[in-house]
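To start, the structure under review is shown below, and the notes come after it.
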Amino acid sequence: MRLFWKDQLVFLVFFFVQLALLVLIFALDGYWNPSLISYAVFLCAFFAGSYLVVRYLLNRPVYQRLSHPVQSLDELNQRHGNAALGRAVDQTFQELYRLFKEQLHAYETKQREYTTFIQQWVHQMKTPISVIHLLLQDDPDPRAESVREEVDRIKRGLETVLYIARLDRFEQDFLIESVSLRQLVQAVVSENKRLFIRNQVYPEVKVDERLAVESDEKWLSFVLNQLLTNAVRYSAGKSSKVGILAYPRGMDVVLEVRDNGIGIPPEDVHRVFQPYFTGENGRRYPESTGMGLYLVKEICGRLHHGVELESKVGEGTSVRIVFAAVVPTLQERKEDES
């Protein structure tokens with residue numbers, strides 16, 4: 001209604017000016033008859049009011065649509081009455097909807113092509129990396145160890161790029177199943193053994209083999225890899241141990257990666273999950289990309305796992321993944337069925 005009155009403001013101004021001129025003409029011409037003037041004013045007001053009522057009723061769907069923000073694209077396909085203005089608005093909205101769908105489709109096609117290219121490129125790069133590893137496997141030269149270290153960095157970088165590319169199509173690339181935390185941690189620790197040895201930081205694993213969670217093992221392995229990489233990076237030279245713990249907390253299960261490294265400044269703690277944010281520690285460690293904890297947060301959010309972080313400067317950092325509930329392992333399920 002408010003929009004309607006704003007739209008008719010010019011009409012009302014002209015109407016009252018015209019009404020005043022009509023009364024003035026009667027007065028200046030010597031026909032000052034209050035009854036006649038009142039009747040003329042009544043007729044003008046009646047027809048003007050009737051016009052406004054009819055116009056509002058015909059165009060009410062349009063004013064209602066324009067008075068409220070669009071909540072979904074489907075609202076653009078709704079009809080707004082049979083009046084000329086309503087039909088014109090319908091045609092305009094449908095044309096905008098068509099143009100939006102065409103541009104969105106073109107963008108999605110371009111994004112899919114880009115994602116496919118990135119995935120193919122990463123897989124192609126894995127082959128020469130594997131060949132370099134094989135060539136350097138038995139080489140005792142200290143320089144070969146430096147090359148292996150750089151190759152490992154390239155491999156971790158490629159994995160990060162690959163998972164970022166897959167994140168947009170996460171719903172098509174995950175499988176929820178029962179995951180043994182003990183086996184998962186052992187596999188990830190074994191995968192990063194050279195990283196531990198090179199930095200002289202060693203894992204302390206305290207995970208009950210009976211603990212299992214409902215999650216996607218591949219994505220969860222990537223998350224744990226990111227957490228361990230960060231823990232080792234920021235512990236090197238300050239602490240020689242990184243703790244990996246899993247324990248029940250009420251009805252939940254918590255997987256925690258704890259280090260005694262440099263810690264995170266208080267002003268950076270609430271921003272570490274933002275993409276590309278490196279903070280004060282990023283200036284001290286140029287290899288930081290600011291994407292590790294962002295990916296951890298994004299992946300855990302899509303898997304419906306919670307993420308908690310606590311850190312103190314000079315004392316270390318603890319990152320906890322909180323799973324919704326404790327579930328029996330596959331072996332326990334088989335025993336129960338038997």
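Each chain in the structure tokens gets a letter, A, B and so on, in the order shown; residues start at 1 in every chain, and ligands are counted from 1 in the order they appear.
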Tell me which protein, DNA and RNA residues are within 7 Å of Glu310 (chain A), counting only C-alpha atoms, leaving out same-chain ones fewer than 6 positions away, and put them as a VMD selection string.
chain A and resid 317 to 319
Just N, CA and C atoms for this one: save the residues we selected as a PDB file, in the first residue's frame.
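File written: out.pdb
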```
ATOM      1  N   THR A 317      48.881 -25.523  20.128  1.00  0.00           N
ATOM      2  CA  THR A 317      47.541 -25.445  19.539  1.00  0.00           C
ATOM      3  C   THR A 317      46.889 -26.817  19.581  1.00  0.00           C
ATOM      4  N   SER A 318      45.592 -26.814  19.852  1.00  0.00           N
ATOM      5  CA  SER A 318      44.797 -28.046  19.804  1.00  0.00           C
ATOM      6  C   SER A 318      43.624 -27.818  18.862  1.00  0.00           C
ATOM      7  N   VAL A 319      43.477 -28.730  17.926  1.00  0.00           N
ATOM      8  CA  VAL A 319      42.344 -28.693  16.999  1.00  0.00           C
ATOM      9  C   VAL A 319      41.567 -29.986  17.188  1.00  0.00           C
TER      10      VAL A 319
END
```
Lys218 (chain A) environment, 10 Å, only C-alpha atoms, sequence neighbours closer than 6 positions dropped, as a PyMOL selection string
chain A and resi 173-175+184
Close residues, Gln111 (chain A) itself excluded, 12 Å, only C-alpha atoms, min 6 positions apart in chain, as a VMD selection string
chain A and resid 104 to 105 117 to 118 165 to 166 168 to 169
10 Å contact set for Arg182 (chain A), only C-alpha atoms, chain neighbours under 4 positions out, as a compact mmCIF listing (two decimals) with N, CA and C atoms, in the first residue's frame:
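New file part.txt:
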```txt
# COMPACT_ATOMS: atom_id res chain seq x y z
N GLN A 186 46.62 -44.30 11.97
CA GLN A 186 47.84 -45.05 11.63
C GLN A 186 48.20 -44.87 10.16
N ALA A 187 47.19 -44.89 9.28
CA ALA A 187 47.45 -44.74 7.85
C ALA A 187 48.01 -43.35 7.55
N VAL A 205 50.31 -41.37 19.53
CA VAL A 205 48.95 -41.77 19.17
C VAL A 205 48.27 -42.42 20.37
N LYS A 206 47.13 -41.84 20.76
CA LYS A 206 46.32 -42.41 21.83
C LYS A 206 44.88 -42.50 21.34
N VAL A 207 44.62 -43.55 20.57
CA VAL A 207 43.30 -43.73 19.95
C VAL A 207 42.84 -45.15 20.24
N ASP A 208 41.72 -45.27 20.89
CA ASP A 208 41.15 -46.59 21.18
C ASP A 208 40.70 -47.24 19.88
N GLU A 209 41.14 -48.48 19.67
CA GLU A 209 40.80 -49.16 18.41
C GLU A 209 39.31 -49.47 18.29
N ARG A 210 38.57 -49.34 19.38
CA ARG A 210 37.12 -49.61 19.31
C ARG A 210 36.32 -48.40 18.85
N LEU A 211 36.96 -47.25 18.81
CA LEU A 211 36.24 -46.04 18.41
C LEU A 211 36.08 -45.99 16.89
N ALA A 212 34.86 -45.74 16.46
CA ALA A 212 34.57 -45.60 15.04
C ALA A 212 33.54 -44.50 14.87
N LEU A 245 44.88 -37.76 19.60
CA LEU A 245 44.04 -38.42 20.59
C LEU A 245 42.62 -38.57 20.05
N ALA A 246 41.95 -39.60 20.52
CA ALA A 246 40.52 -39.78 20.24
C ALA A 246 39.86 -40.29 21.50
```
Out of A:Leu167, A:Leu295, A:Ile197, A:Val253, which residue has the shortest atom-to-atom distance to Phe273 (chain A) when counting only C-alpha atoms?
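Checking each candidate against Phe273 (chain A), we get A:Leu295 as the closest.
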Selection: 12 Å around Gln124 (chain A), only C-alpha atoms, excl. self and same-chain fewer than 5 positions, as a ChimeraX atom specification:
/A:117-119,129-131,155,158,162
Picked from region 133-228 of chain A by DSSP as strand (DSSP E or B), as number ranges by chain:
A: 177-180, 202-207, 212-215
Quick one: write out the picked residues with C-alpha atoms as an mmCIF file, in the first residue's frame?
```cif
data_model
loop_
_atom_site.group_PDB
_atom_site.id
_atom_site.type_symbol
_atom_site.label_atom_id
_atom_site.label_comp_id
_atom_site.auth_asym_id
_atom_site.auth_seq_id
_atom_site.Cartn_x
_atom_site.Cartn_y
_atom_site.Cartn_z
ATOM 1 C CA GLU A 177 30.567 -45.281 6.157
ATOM 2 C CA SER A 178 31.915 -46.530 9.454
ATOM 3 C CA VAL A 179 35.532 -45.380 9.829
ATOM 4 C CA SER A 180 37.873 -46.798 12.454
ATOM 5 C CA TYR A 202 57.223 -37.574 16.366
ATOM 6 C CA PRO A 203 53.576 -38.566 16.864
ATOM 7 C CA GLU A 204 52.065 -39.818 20.095
ATOM 8 C CA VAL A 205 48.945 -41.770 19.173
ATOM 9 C CA LYS A 206 46.318 -42.413 21.833
ATOM 10 C CA VAL A 207 43.299 -43.733 19.955
ATOM 11 C CA ALA A 212 34.567 -45.602 15.038
ATOM 12 C CA VAL A 213 32.634 -42.761 13.449
ATOM 13 C CA GLU A 214 30.304 -42.258 10.530
ATOM 14 C CA SER A 215 32.230 -40.234 7.959
#
```
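Each of A:Phe47, A:Trp219, A:Phe170, A:Tyr114 was compared to Val296 (chain A) using only C-alpha atoms, and A:Trp219 turns out to be the nearest.
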I want to know what sits within 12 Å of region 28-43 of chain A, based on only C-alpha atoms, with residues of the same chain fewer than 6 positions away left out; could you give that as a count of residues only?
9
Could you state the separation of CA of Asp216 (chain A) and CA of Tyr294 (chain A) in Å, given to one decimal place?
18.1 Å
Quick one: pull the distance between CA of Ser235 (chain A) and CA of Leu220 (chain A), Å, one decimal.
22.4 Å
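Straight-line separation from CA of Gly290 (chain A) to CA of Ile264 (chain A): 13.1 Å.
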Applying 12 Å and only C-alpha atoms, which residues near region 242-244 of chain A remain after dropping the ones on its own chain fewer than 3 positions away? List them as a PyMOL selection string.
chain A and resi 181-182+184-186+188-189+196+199-208+224-225+227-236+238-239+247+254-261+316-321
